[in-house]
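**Q** Structure file run_28.txt (compact mmCIF, C-alpha atoms) is given on the next line.
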```
# COMPACT_ATOMS: atom_id res chain seq x y z
CA MET A 1213 -14.75 7.26 -38.59
CA SER A 1214 -13.15 4.63 -40.78
CA ASN A 1215 -12.67 0.88 -40.57
CA THR A 1216 -9.11 -0.20 -40.12
CA THR A 1217 -9.47 -3.97 -39.99
CA ALA A 1218 -11.74 -6.59 -41.45
CA ALA A 1219 -15.39 -6.70 -40.48
CA SER A 1220 -16.19 -8.34 -37.14
CA THR A 1221 -19.22 -8.31 -34.86
CA ARG A 1222 -16.98 -6.58 -32.30
CA THR A 1223 -15.95 -2.96 -32.89
CA LEU A 1224 -13.48 -1.01 -30.78
CA PHE A 1225 -13.54 2.78 -31.07
CA THR A 1226 -10.33 4.63 -30.33
CA LEU A 1227 -8.33 7.73 -31.27
CA THR A 1228 -6.58 8.23 -34.60
CA TRP A 1229 -3.61 9.84 -32.94
CA VAL A 1230 -2.20 10.70 -29.51
CA PRO A 1231 0.98 12.51 -28.47
CA GLU A 1232 4.07 10.42 -27.77
CA PHE A 1233 3.76 10.42 -23.96
CA ALA A 1234 0.38 8.68 -24.25
CA ARG A 1235 1.34 6.00 -26.76
CA GLY A 1236 0.92 2.54 -25.31
CA LEU A 1237 -1.23 3.98 -22.52
CA VAL A 1238 -4.46 4.75 -24.39
CA ARG A 1239 -7.21 2.78 -22.73
CA ASP A 1240 -8.21 0.87 -25.84
CA MET A 1241 -5.11 -1.18 -24.92
CA ARG A 1242 -7.04 -2.83 -22.09
CA VAL A 1243 -9.80 -3.94 -24.43
CA ARG A 1244 -7.38 -5.12 -27.14
CA TRP A 1245 -5.51 -7.13 -24.52
CA ALA A 1246 -8.71 -8.77 -23.23
CA LEU A 1247 -9.79 -9.65 -26.77
CA GLU A 1248 -6.34 -11.06 -27.57
CA GLU A 1249 -6.38 -13.22 -24.42
CA ALA A 1250 -9.86 -14.45 -25.32
CA GLY A 1251 -8.87 -15.14 -28.94
CA LEU A 1252 -11.66 -12.93 -30.27
CA ASP A 1253 -11.38 -10.91 -33.46
CA TYR A 1254 -12.45 -7.27 -33.62
CA GLN A 1255 -12.45 -4.32 -35.92
CA VAL A 1256 -11.22 -0.86 -35.02
CA LYS A 1257 -12.99 2.37 -35.84
CA LEU A 1258 -11.10 5.58 -35.38
CA VAL A 1259 -12.30 8.94 -34.14
CA ASP A 1260 -10.24 12.11 -34.02
CA PHE A 1261 -10.17 14.73 -31.28
CA ASP A 1262 -12.93 16.76 -32.88
CA GLU A 1263 -15.22 13.84 -33.73
CA LYS A 1264 -15.16 12.47 -30.21
CA GLN A 1265 -16.72 15.71 -28.92
CA LEU A 1266 -19.68 15.46 -31.29
CA ALA A 1267 -23.14 14.02 -30.65
CA PRO A 1268 -22.76 10.80 -32.70
CA TYR A 1269 -19.76 9.67 -30.67
CA ARG A 1270 -21.11 11.06 -27.40
CA SER A 1271 -24.24 8.96 -27.87
CA MET A 1272 -21.93 5.98 -27.25
CA GLN A 1273 -19.41 7.64 -24.93
CA PRO A 1274 -20.96 10.48 -22.88
CA PHE A 1275 -17.60 11.80 -21.65
CA ALA A 1276 -16.02 11.99 -25.12
CA GLN A 1277 -13.31 9.54 -24.12
CA VAL A 1278 -11.97 6.38 -25.69
CA PRO A 1279 -12.58 3.51 -25.86
CA ALA A 1280 -16.18 2.77 -26.76
CA TYR A 1281 -17.23 -0.69 -27.90
CA GLN A 1282 -19.96 -2.43 -29.82
CA ASP A 1283 -20.63 -6.15 -29.63
CA GLY A 1284 -23.37 -6.84 -32.15
CA ALA A 1285 -26.25 -4.64 -31.02
CA LEU A 1286 -24.73 -3.99 -27.58
CA VAL A 1287 -22.96 -0.73 -26.82
CA LEU A 1288 -20.55 -0.32 -23.92
CA PHE A 1289 -18.23 2.41 -22.73
CA GLU A 1290 -15.55 2.61 -20.02
CA SER A 1291 -12.59 0.27 -20.37
CA GLY A 1292 -13.49 -1.45 -17.10
CA ALA A 1293 -17.02 -2.24 -18.26
CA ILE A 1294 -15.87 -3.44 -21.67
CA VAL A 1295 -13.20 -5.70 -20.21
CA HIS A 1296 -15.72 -7.06 -17.71
CA HIS A 1297 -18.22 -7.72 -20.48
CA ILE A 1298 -15.61 -9.67 -22.45
CA ALA A 1299 -14.26 -11.46 -19.38
CA ALA A 1300 -17.66 -12.65 -18.18
CA ARG A 1301 -18.04 -14.53 -21.48
CA THR A 1302 -14.73 -16.38 -21.68
CA ALA A 1303 -12.95 -18.84 -19.39
CA ALA A 1304 -9.64 -17.23 -20.43
CA LEU A 1305 -10.27 -14.16 -18.28
CA MET A 1306 -12.35 -15.22 -15.30
CA PRO A 1307 -12.79 -18.40 -13.24
CA ASP A 1308 -16.22 -19.96 -13.61
CA ASP A 1309 -16.85 -20.55 -9.91
CA GLU A 1310 -18.76 -17.91 -7.99
CA ALA A 1311 -15.99 -17.19 -5.49
CA GLY A 1312 -13.45 -16.70 -8.25
CA ARG A 1313 -15.76 -14.39 -10.15
CA ALA A 1314 -16.44 -12.32 -7.03
CA MET A 1315 -12.71 -11.96 -6.42
CA THR A 1316 -11.99 -11.07 -10.06
CA LEU A 1317 -14.67 -8.39 -9.93
CA SER A 1318 -13.28 -7.05 -6.64
CA TRP A 1319 -9.76 -6.74 -8.06
CA MET A 1320 -11.05 -5.14 -11.27
CA PHE A 1321 -12.71 -2.38 -9.28
CA ALA A 1322 -9.65 -2.14 -7.01
CA ALA A 1323 -7.44 -1.48 -10.03
CA LEU A 1324 -9.69 1.29 -11.32
CA ASN A 1325 -11.02 2.84 -8.13
CA SER A 1326 -8.31 2.29 -5.49
CA VAL A 1327 -5.03 2.20 -7.44
CA GLU A 1328 -5.65 4.20 -10.62
CA PRO A 1329 -6.90 7.40 -8.93
CA ALA A 1330 -3.68 7.68 -6.90
CA VAL A 1331 -1.60 6.94 -10.00
CA MET A 1332 -3.44 9.47 -12.12
CA MET A 1333 -3.15 12.21 -9.51
CA LEU A 1334 0.61 11.84 -9.79
CA CYS A 1335 0.50 11.61 -13.60
CA ASP A 1336 -1.61 14.75 -13.76
CA VAL A 1337 1.21 16.63 -12.05
CA ASP A 1338 4.09 15.01 -13.90
CA LEU A 1339 2.66 14.95 -17.41
CA PHE A 1340 0.49 18.05 -17.52
CA ASN A 1341 1.68 20.38 -14.76
CA ALA A 1342 5.37 19.67 -14.23
CA SER A 1343 6.35 23.31 -14.50
CA ALA A 1344 3.40 24.70 -12.52
CA SER A 1345 4.23 26.91 -9.54
CA TRP A 1346 2.64 24.46 -7.13
CA ALA A 1347 3.96 21.19 -8.61
CA GLU A 1348 7.12 20.78 -6.53
CA ALA A 1349 5.30 21.38 -3.27
CA ARG A 1350 2.40 19.10 -4.22
CA ARG A 1351 4.28 16.12 -5.61
CA PRO A 1352 5.80 14.41 -2.50
CA ALA A 1353 2.44 13.59 -0.90
CA LEU A 1354 1.16 12.17 -4.19
CA VAL A 1355 4.23 9.95 -4.53
CA GLN A 1356 3.63 8.75 -0.99
CA GLN A 1357 -0.01 7.91 -1.77
CA VAL A 1358 1.09 5.87 -4.77
CA GLN A 1359 3.73 4.10 -2.68
CA THR A 1360 1.13 3.17 -0.09
CA ARG A 1361 -1.01 1.54 -2.77
CA LEU A 1362 1.94 -0.24 -4.36
CA ALA A 1363 3.09 -1.60 -1.00
CA ASP A 1364 -0.45 -2.83 -0.25
CA LEU A 1365 -0.60 -4.43 -3.66
CA GLU A 1366 2.74 -6.17 -3.28
CA ARG A 1367 1.74 -7.46 0.15
CA ALA A 1368 -1.57 -8.76 -1.24
CA LEU A 1369 0.17 -10.56 -4.12
CA GLY A 1370 2.37 -12.51 -1.72
CA GLN A 1371 3.93 -15.39 -3.59
CA ARG A 1372 1.26 -15.62 -6.27
CA ASP A 1373 1.97 -14.98 -9.94
CA TYR A 1374 -1.28 -13.09 -10.44
CA LEU A 1375 -3.90 -11.31 -8.29
CA LEU A 1376 -5.91 -14.53 -8.12
CA ASP A 1377 -4.30 -17.96 -8.35
CA ARG A 1378 -4.46 -17.67 -12.15
CA PHE A 1379 -4.39 -14.87 -14.75
CA THR A 1380 -7.66 -12.93 -14.97
CA ALA A 1381 -9.13 -9.74 -16.39
CA ALA A 1382 -8.16 -8.04 -13.12
CA ASP A 1383 -4.48 -8.45 -14.07
CA ILE A 1384 -5.15 -6.72 -17.38
CA LEU A 1385 -6.56 -3.71 -15.59
CA MET A 1386 -4.00 -3.66 -12.77
CA ALA A 1387 -0.98 -4.02 -15.08
CA SER A 1388 -2.42 -1.35 -17.39
CA VAL A 1389 -2.82 1.01 -14.45
CA LEU A 1390 0.79 0.39 -13.41
CA ASN A 1391 1.92 1.16 -16.98
CA ASN A 1392 1.01 4.77 -16.25
CA LEU A 1393 3.94 4.95 -13.84
CA ARG A 1394 6.48 4.18 -16.58
CA HIS A 1395 7.92 7.72 -16.34
CA THR A 1396 8.88 7.02 -12.70
CA PRO A 1397 10.99 4.37 -10.91
CA LEU A 1398 8.14 3.67 -8.46
CA VAL A 1399 7.07 0.16 -9.52
CA ALA A 1400 10.69 -1.01 -9.54
CA GLU A 1401 10.94 -0.06 -5.84
CA TYR A 1402 8.77 -3.13 -5.13
CA PRO A 1403 10.60 -6.19 -6.51
CA SER A 1404 7.76 -8.71 -6.37
CA LEU A 1405 5.30 -6.19 -7.75
CA HIS A 1406 7.73 -5.28 -10.50
CA ALA A 1407 8.09 -8.97 -11.40
CA TYR A 1408 4.29 -9.30 -11.42
CA HIS A 1409 3.96 -6.28 -13.69
CA GLN A 1410 6.56 -7.63 -16.11
CA ARG A 1411 4.91 -11.08 -16.03
CA CYS A 1412 1.64 -9.49 -17.13
CA VAL A 1413 2.84 -7.08 -19.80
CA LYS A 1414 5.09 -9.67 -21.43
CA ARG A 1415 2.27 -12.12 -22.06
CA PRO A 1416 1.96 -12.73 -25.81
CA ALA A 1417 -1.57 -11.31 -25.86
CA ALA A 1418 -0.37 -8.12 -24.15
CA LEU A 1419 2.45 -7.71 -26.64
CA ARG A 1420 0.07 -8.19 -29.57
CA ALA A 1421 -2.34 -5.66 -28.10
CA LEU A 1422 0.44 -3.13 -27.60
CA ALA A 1423 1.74 -3.65 -31.12
CA SER A 1424 -1.73 -3.09 -32.54
CA GLN A 1425 -2.15 0.16 -30.63
CA MET A 1426 1.32 1.43 -31.59
CA ALA A 1427 0.79 0.52 -35.24
CA LEU A 1428 -1.91 3.17 -35.45
CA TYR A 1429 0.56 5.96 -34.93
CA GLU A 1430 2.83 4.76 -37.69
CA GLN A 1431 0.12 5.35 -40.25
CA PRO A 1432 -0.38 8.73 -41.87
CA VAL A 1433 -3.41 10.44 -40.33
CA THR A 1434 -6.19 10.73 -42.87
CA SER A 1435 -9.70 12.02 -42.49
CA GLU A 1436 -12.60 10.42 -44.27
CA MET B 1436 -14.98 -6.68 15.32
CA SER B 1437 -18.49 -6.93 16.78
CA ASN B 1438 -21.95 -7.64 15.42
CA THR B 1439 -24.30 -4.72 15.47
CA THR B 1440 -27.44 -6.25 13.95
CA ALA B 1441 -29.12 -9.61 13.84
CA ALA B 1442 -27.46 -12.52 12.05
CA SER B 1443 -27.80 -12.59 8.25
CA THR B 1444 -25.98 -14.45 5.51
CA ARG B 1445 -24.79 -11.01 4.31
CA THR B 1446 -22.19 -9.13 6.33
CA LEU B 1447 -21.03 -5.59 5.67
CA PHE B 1448 -17.75 -4.49 7.24
CA THR B 1449 -17.31 -0.81 7.97
CA LEU B 1450 -15.64 1.63 10.36
CA THR B 1451 -16.69 2.16 13.97
CA TRP B 1452 -16.15 5.90 13.70
CA VAL B 1453 -15.20 8.61 11.20
CA PRO B 1454 -14.72 12.36 11.63
CA GLU B 1455 -17.70 14.63 10.99
CA PHE B 1456 -16.70 15.68 7.45
CA ALA B 1457 -16.87 12.04 6.31
CA ARG B 1458 -20.20 11.13 7.89
CA GLY B 1459 -22.73 10.12 5.27
CA LEU B 1460 -19.92 9.67 2.73
CA VAL B 1461 -18.33 6.45 3.97
CA ARG B 1462 -18.51 3.97 1.14
CA ASP B 1463 -20.47 1.37 3.07
CA MET B 1464 -23.37 3.76 2.23
CA ARG B 1465 -23.35 2.49 -1.36
CA VAL B 1466 -23.71 -1.10 -0.25
CA ARG B 1467 -26.37 -0.31 2.36
CA TRP B 1468 -28.33 1.58 -0.30
CA ALA B 1469 -28.12 -1.31 -2.78
CA LEU B 1470 -29.26 -3.79 -0.12
CA GLU B 1471 -32.13 -1.51 0.92
CA GLU B 1472 -33.28 -1.15 -2.71
CA ALA B 1473 -33.10 -4.92 -3.13
CA GLY B 1474 -34.95 -5.54 0.14
CA LEU B 1475 -32.14 -7.73 1.48
CA ASP B 1476 -31.21 -7.93 5.14
CA TYR B 1477 -27.62 -7.73 6.31
CA GLN B 1478 -25.56 -7.57 9.43
CA VAL B 1479 -22.83 -5.04 10.09
CA LYS B 1480 -19.43 -5.81 11.57
CA LEU B 1481 -17.31 -2.92 12.72
CA VAL B 1482 -13.56 -2.45 12.48
CA ASP B 1483 -11.63 0.45 13.94
CA PHE B 1484 -8.72 2.33 12.38
CA ASP B 1485 -6.13 0.01 13.90
CA GLU B 1486 -7.94 -3.25 13.14
CA LYS B 1487 -8.35 -2.43 9.46
CA GLN B 1488 -4.57 -2.29 9.07
CA LEU B 1489 -4.08 -5.79 10.47
CA ALA B 1490 -3.75 -9.07 8.61
CA PRO B 1491 -7.20 -10.53 9.41
CA TYR B 1492 -9.00 -7.56 7.86
CA ARG B 1493 -6.47 -7.14 5.06
CA SER B 1494 -7.09 -10.75 4.05
CA MET B 1495 -10.53 -9.48 2.96
CA GLN B 1496 -9.61 -5.91 2.00
CA PRO B 1497 -5.99 -5.62 0.79
CA PHE B 1498 -5.99 -1.80 0.90
CA ALA B 1499 -7.27 -1.57 4.49
CA GLN B 1500 -10.32 0.35 3.34
CA VAL B 1501 -14.03 -0.07 3.99
CA PRO B 1502 -16.34 -1.60 2.99
CA ALA B 1503 -15.67 -5.31 2.71
CA TYR B 1504 -18.52 -7.77 2.30
CA GLN B 1505 -19.34 -11.41 2.80
CA ASP B 1506 -22.28 -13.16 1.17
CA GLY B 1507 -22.32 -16.66 2.60
CA ALA B 1508 -18.91 -18.08 1.68
CA LEU B 1509 -18.20 -15.32 -0.88
CA VAL B 1510 -15.89 -12.45 -0.02
CA LEU B 1511 -15.88 -9.18 -1.96
CA PHE B 1512 -14.18 -5.82 -1.52
CA GLU B 1513 -14.52 -2.45 -3.30
CA SER B 1514 -17.89 -0.74 -3.12
CA GLY B 1515 -18.28 -0.97 -6.92
CA ALA B 1516 -17.76 -4.73 -6.94
CA ILE B 1517 -20.07 -5.31 -3.99
CA VAL B 1518 -22.84 -3.19 -5.49
CA HIS B 1519 -22.42 -4.97 -8.82
CA HIS B 1520 -22.58 -8.36 -7.11
CA ILE B 1521 -25.84 -7.40 -5.39
CA ALA B 1522 -27.27 -5.73 -8.50
CA ALA B 1523 -26.60 -8.68 -10.78
CA ARG B 1524 -28.85 -10.79 -8.54
CA THR B 1525 -31.92 -8.56 -8.24
CA ALA B 1526 -34.31 -7.01 -10.76
CA ALA B 1527 -34.52 -3.95 -8.49
CA LEU B 1528 -31.06 -2.72 -9.52
CA MET B 1529 -30.43 -3.87 -13.08
CA PRO B 1530 -32.55 -4.59 -16.16
CA ASP B 1531 -32.56 -8.23 -17.16
CA ASP B 1532 -31.96 -7.69 -20.88
CA GLU B 1533 -28.40 -7.82 -22.14
CA ALA B 1534 -28.34 -4.26 -23.53
CA GLY B 1535 -29.63 -2.83 -20.25
CA ARG B 1536 -27.08 -4.80 -18.26
CA ALA B 1537 -24.25 -3.62 -20.52
CA MET B 1538 -25.35 -0.01 -20.09
CA THR B 1539 -25.72 -0.37 -16.30
CA LEU B 1540 -22.21 -1.79 -16.11
CA SER B 1541 -20.87 1.04 -18.29
CA TRP B 1542 -22.40 3.71 -16.08
CA MET B 1543 -21.19 1.99 -12.92
CA PHE B 1544 -17.61 2.14 -14.14
CA ALA B 1545 -18.16 5.69 -15.42
CA ALA B 1546 -19.21 6.79 -11.94
CA LEU B 1547 -16.15 5.28 -10.31
CA ASN B 1548 -13.48 5.74 -12.97
CA SER B 1549 -14.49 8.87 -14.93
CA VAL B 1550 -16.40 11.03 -12.44
CA GLU B 1551 -15.13 10.03 -9.01
CA PRO B 1552 -11.39 10.59 -9.71
CA ALA B 1553 -12.03 14.22 -10.70
CA VAL B 1554 -14.28 14.70 -7.67
CA MET B 1555 -11.76 13.17 -5.28
CA MET B 1556 -8.88 15.24 -6.64
CA LEU B 1557 -10.85 18.33 -5.64
CA CYS B 1558 -11.88 16.83 -2.28
CA ASP B 1559 -8.28 15.94 -1.54
CA VAL B 1560 -7.42 19.63 -1.78
CA ASP B 1561 -10.48 20.98 0.00
CA LEU B 1562 -10.75 18.48 2.84
CA PHE B 1563 -7.14 17.56 3.51
CA ASN B 1564 -4.95 20.33 2.10
CA ALA B 1565 -7.00 23.52 2.22
CA SER B 1566 -4.26 25.48 3.97
CA ALA B 1567 -1.35 24.05 1.96
CA SER B 1568 0.92 26.55 0.22
CA TRP B 1569 -0.02 25.20 -3.20
CA ALA B 1570 -3.78 24.76 -2.69
CA GLU B 1571 -4.97 28.12 -3.98
CA ALA B 1572 -2.96 27.86 -7.18
CA ARG B 1573 -3.95 24.24 -7.75
CA ARG B 1574 -7.68 24.43 -7.11
CA PRO B 1575 -9.10 26.26 -10.16
CA ALA B 1576 -8.04 23.61 -12.68
CA LEU B 1577 -9.50 20.88 -10.47
CA VAL B 1578 -12.81 22.71 -10.24
CA GLN B 1579 -12.81 23.02 -14.01
CA GLN B 1580 -12.18 19.28 -14.44
CA VAL B 1581 -15.14 18.53 -12.17
CA GLN B 1582 -17.32 21.00 -14.08
CA THR B 1583 -16.45 19.32 -17.36
CA ARG B 1584 -17.60 15.97 -15.99
CA LEU B 1585 -20.77 17.43 -14.49
CA ALA B 1586 -21.67 19.16 -17.75
CA ASP B 1587 -21.09 15.92 -19.67
CA LEU B 1588 -23.20 14.06 -17.18
CA GLU B 1589 -26.06 16.56 -17.35
CA ARG B 1590 -25.98 16.43 -21.15
CA ALA B 1591 -26.06 12.62 -21.11
CA LEU B 1592 -29.01 12.56 -18.71
CA GLY B 1593 -31.09 14.68 -21.06
CA GLN B 1594 -34.73 14.45 -20.01
CA ARG B 1595 -34.40 11.09 -18.29
CA ASP B 1596 -35.01 10.66 -14.56
CA TYR B 1597 -32.09 8.25 -14.21
CA LEU B 1598 -28.94 7.29 -16.12
CA LEU B 1599 -30.87 4.52 -17.87
CA ASP B 1600 -34.60 4.73 -18.47
CA ARG B 1601 -35.15 3.35 -14.97
CA PHE B 1602 -33.34 3.42 -11.62
CA THR B 1603 -30.30 1.11 -11.50
CA ALA B 1604 -27.21 0.39 -9.43
CA ALA B 1605 -25.39 2.94 -11.58
CA ASP B 1606 -27.51 5.69 -10.02
CA ILE B 1607 -26.48 4.52 -6.55
CA LEU B 1608 -22.83 4.90 -7.47
CA MET B 1609 -23.21 8.16 -9.40
CA ALA B 1610 -25.32 9.87 -6.75
CA SER B 1611 -22.92 8.67 -4.05
CA VAL B 1612 -19.99 10.12 -5.98
CA LEU B 1613 -21.81 13.46 -6.31
CA ASN B 1614 -22.44 13.45 -2.53
CA ASN B 1615 -18.71 14.09 -2.14
CA LEU B 1616 -19.23 17.57 -3.60
CA ARG B 1617 -21.62 18.60 -0.79
CA HIS B 1618 -19.05 21.08 0.56
CA THR B 1619 -19.23 22.98 -2.77
CA PRO B 1620 -22.03 24.58 -4.82
CA LEU B 1621 -20.88 22.71 -7.95
CA VAL B 1622 -23.76 20.24 -8.47
CA ALA B 1623 -26.32 23.04 -8.03
CA GLU B 1624 -24.73 24.86 -11.00
CA TYR B 1625 -26.35 22.20 -13.22
CA PRO B 1626 -30.13 22.31 -12.58
CA SER B 1627 -31.11 19.04 -14.27
CA LEU B 1628 -28.17 17.24 -12.70
CA HIS B 1629 -29.03 18.70 -9.33
CA ALA B 1630 -32.64 17.49 -9.72
CA TYR B 1631 -31.32 14.04 -10.70
CA HIS B 1632 -29.07 13.95 -7.65
CA GLN B 1633 -31.90 14.93 -5.32
CA ARG B 1634 -34.22 12.39 -6.97
CA CYS B 1635 -31.68 9.66 -6.17
CA VAL B 1636 -30.70 10.58 -2.64
CA LYS B 1637 -34.30 11.12 -1.53
CA ARG B 1638 -35.39 7.63 -2.46
CA PRO B 1639 -36.68 5.83 0.65
CA ALA B 1640 -33.94 3.20 0.35
CA ALA B 1641 -31.26 5.89 0.20
CA LEU B 1642 -32.66 7.63 3.27
CA ARG B 1643 -32.78 4.36 5.20
CA ALA B 1644 -29.19 3.60 4.19
CA LEU B 1645 -28.01 7.04 5.27
CA ALA B 1646 -29.83 6.77 8.58
CA SER B 1647 -28.22 3.41 9.26
CA GLN B 1648 -24.74 4.79 8.56
CA MET B 1649 -25.31 7.92 10.67
CA ALA B 1650 -26.73 5.87 13.55
CA LEU B 1651 -23.31 4.31 14.02
CA TYR B 1652 -21.78 7.58 15.09
CA GLU B 1653 -24.41 8.21 17.72
CA GLN B 1654 -23.33 5.13 19.63
CA PRO B 1655 -20.52 5.26 22.17
CA VAL B 1656 -17.36 3.75 20.68
CA THR B 1657 -16.48 0.52 22.43
CA SER B 1658 -13.73 -1.94 21.75
CA GLU B 1659 -14.27 -5.64 22.12
```
As structure tokens, please, write out the structure in this file.
**A**
Amino acid sequence: MSNTTAASTRTLFTLTWVPEFARGLVRDMRVRWALEEAGLDYQVKLVDFDEKQLAPYRSMQPFAQVPAYQDGALVLFESGAIVHHIAARTAALMPDDEAGRAMTLSWMFAALNSVEPAVMMLCDVDLFNASASWAEARRPALVQQVQTRLADLERALGQRDYLLDRFTAADILMASVLNNLRHTPLVAEYPSLHAYHQRCVKRPAALRALASQMALYEQPVTSE
Amino acid sequence: MSNTTAASTRTLFTLTWVPEFARGLVRDMRVRWALEEAGLDYQVKLVDFDEKQLAPYRSMQPFAQVPAYQDGALVLFESGAIVHHIAARTAALMPDDEAGRAMTLSWMFAALNSVEPAVMMLCDVDLFNASASWAEARRPALVQQVQTRLADLERALGQRDYLLDRFTAADILMASVLNNLRHTPLVAEYPSLHAYHQRCVKRPAALRALASQMALYEQPVTSE
């Protein structure tokens, strides 16, 4: 592991390198975006594919995934948990009234437990199994499941700009989940949802977060 | 919708009826279990398959799923969010130190975003597509993905009785996710994990929650 930015009390652990199809989609993006929205500095520590399988990293991240996160003495894993931890501590990402916080929390879990699973089932076919014998027969039902979720989501958004009546951490997670459909035309089939998605990912904080993730892959890979 | 228990400030919305394969697995179980552990009373309101698609219910639950939840004037949806909301307010389900709360939150998201998606991909084949042309060719890789998660989870548990050094809301979610594998011998392949799972689901609060869900299906279905 090696530091890549100046020392901060907040440390984000992510991968040194990922293949092209995953660039911009690595889940550290969600944490970077939350930190950028909150105006909080952080340092990045990198792990490679071998290191993340080993005990030191697994002691932070039991499933050998990225990201992991340290905030002073606190350790967190899972992008949803890290974003929630950040969001609960800044007005930039969550309303401070109880009803608004309950709704933000609900939409955060909805992004990761109702929308993302359907999206990832489709991605698993398209990105990892496109030429499998069963893929063509399997795919239509998975597309339909995604479409059901996207239609529900568009209906729920109504005329609002964001999931709540203001931008919250839930939009970070939902827009990041929708990013995984970039290899398909599915989001564009829902005009209001598409506009919502674009509204989220074009926020200055989102663009800075994306640039910081992409910058990693422009550096030569070195091991310590 | 109709009341089924005495008035409470807490209301859990769930389905009037589900087919046999889903009994005991409906996600209201997670909320019932959390409330039982916390010693909090609640009332149940029932919706049927048609009602949950309609605007009044969707105004609470945009994806027409169960459960939804009201706590006084607060509305929440998504079992993860509801359980977190309950857990954050009782010492029975979450440590009160910051490190313990961060770790509980991490494991809650891990249950729903790292373990459950793999489990549900397998369940989607076994429970809804078992006779599909592609099922036999698709299944082995899905079993392997589940096994990877279960092995990681067993390794992370180590010698502990629960995910943290005490029972928390994360155990409710993780054990409930593992319940979805009951049609397979997969959990039993990991002896310590299997013991963990049994330790969770045999807690008195879990048994009361299960009994209250199952009792629903013993009543004649009536519409209001």
**Q** Would you tabulate, counting all atoms listed in the file, all residues of segment 1555-1644 of chain B that have an atom at most 9 Å from an atom of segment 1457-1478 of chain B, showing the closest pair of atoms and their distance in Å to one decimal, sorted by chain then ascending number, as CSV?
**A**
```
residue,atom,partner,partner_atom,distance
B:Ala1604,CA,B:Ala1469,CA,6.9
B:Ile1607,CA,B:Arg1465,CA,6.4
B:Leu1608,CA,B:Arg1465,CA,6.6
B:Ser1611,CA,B:Arg1465,CA,6.8
B:Val1612,CA,B:Leu1460,CA,8.7
B:Asn1614,CA,B:Leu1460,CA,7.0
B:Asn1615,CA,B:Leu1460,CA,6.7
B:Pro1639,CA,B:Glu1472,CA,8.5
B:Ala1640,CA,B:Glu1471,CA,5.1
B:Ala1641,CA,B:Trp1468,CA,5.2
B:Leu1642,CA,B:Trp1468,CA,8.3
B:Arg1643,CA,B:Glu1471,CA,7.3
B:Ala1644,CA,B:Trp1468,CA,5.0
```
**Q** Generate the output file for the selected residues, C-alpha atoms, as a PDB file, in the coordinates of the input.
**A**
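Just written: result22.pdb:
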```pdb
ATOM      1  CA  ALA B1604     -27.210   0.390  -9.430  1.00  0.00           C
ATOM      2  CA  ILE B1607     -26.480   4.520  -6.550  1.00  0.00           C
ATOM      3  CA  LEU B1608     -22.830   4.900  -7.470  1.00  0.00           C
ATOM      4  CA  SER B1611     -22.920   8.670  -4.050  1.00  0.00           C
ATOM      5  CA  VAL B1612     -19.990  10.120  -5.980  1.00  0.00           C
ATOM      6  CA  ASN B1614     -22.440  13.450  -2.530  1.00  0.00           C
ATOM      7  CA  ASN B1615     -18.710  14.090  -2.140  1.00  0.00           C
ATOM      8  CA  PRO B1639     -36.680   5.830   0.650  1.00  0.00           C
ATOM      9  CA  ALA B1640     -33.940   3.200   0.350  1.00  0.00           C
ATOM     10  CA  ALA B1641     -31.260   5.890   0.200  1.00  0.00           C
ATOM     11  CA  LEU B1642     -32.660   7.630   3.270  1.00  0.00           C
ATOM     12  CA  ARG B1643     -32.780   4.360   5.200  1.00  0.00           C
ATOM     13  CA  ALA B1644     -29.190   3.600   4.190  1.00  0.00           C
TER      14      ALA B1644
END
```
**Q** Give me, as a ChimeraX atom specification, all polymer residues having an atom no more than 7 Å from Asp1260 of chain A, counting only C-alpha atoms and skipping those fewer than 4 positions away in the same chain.
**A** /A:1227-1228,1264
**Q** Residues of chain A were defined as contacting chain B if any atom lay at most 7 Å from it, counting all atoms listed in the file; please report them as number ranges by chain.
**A** A: 1274-1275, 1286, 1288-1290, 1292-1293, 1311, 1314-1315, 1317-1318, 1321-1322, 1324-1325, 1329, 1346, 1349-1350, 1364, 1368
**Q** Using all atoms listed in the file, which protein or nucleic acid residues come within 6 Å of Thr1380 of chain A? Drop anything in the same chain fewer than 2 positions from it, and give the result as a PDB file with C-alpha atoms, in the frame of the given file.
**A**
```pdb
ATOM      1  CA  LEU A1305     -10.270 -14.160 -18.280  1.00  0.00           C
ATOM      2  CA  MET A1306     -12.350 -15.220 -15.300  1.00  0.00           C
ATOM      3  CA  ALA A1382      -8.160  -8.040 -13.120  1.00  0.00           C
ATOM      4  CA  ASP A1383      -4.480  -8.450 -14.070  1.00  0.00           C
TER       5      ASP A1383
END
```
**Q** Nearest to Arg1415 of chain A: which of A:Ala1387, A:Ala1427, A:Val1399, A:Val1358 is it, counting only C-alpha atoms?
**A**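 Using only C-alpha atoms, the shortest distance to Arg1415 of chain A belongs to A:Ala1387.
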**Q** To one decimal place in Å, what is the distance between atom CA of Arg1634 of chain B and atom CA of Asp1596 of chain B?
**A**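 Separation of atom CA of Arg1634 of chain B and atom CA of Asp1596 of chain B: 7.8 Å.
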**Q** Please compute the atom CA of Leu1613 of chain B-atom CA of Val1518 of chain B distance, one decimal, in Å.
**A** 16.7 Å
**Q** So how many Å separate atom CA of Met1386 of chain A and atom CA of His1409 of chain A, to one decimal?
**A**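 Spanning atom CA of Met1386 of chain A to atom CA of His1409 of chain A is a straight-line distance of 8.4 Å.
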**Q** Would you please work out which residue, of A:Gln1356, A:Thr1221, A:Thr1226, A:Gln1282, is nearest to Glu1263 of chain A when using all atoms listed in the file?
**A** A:Thr1226
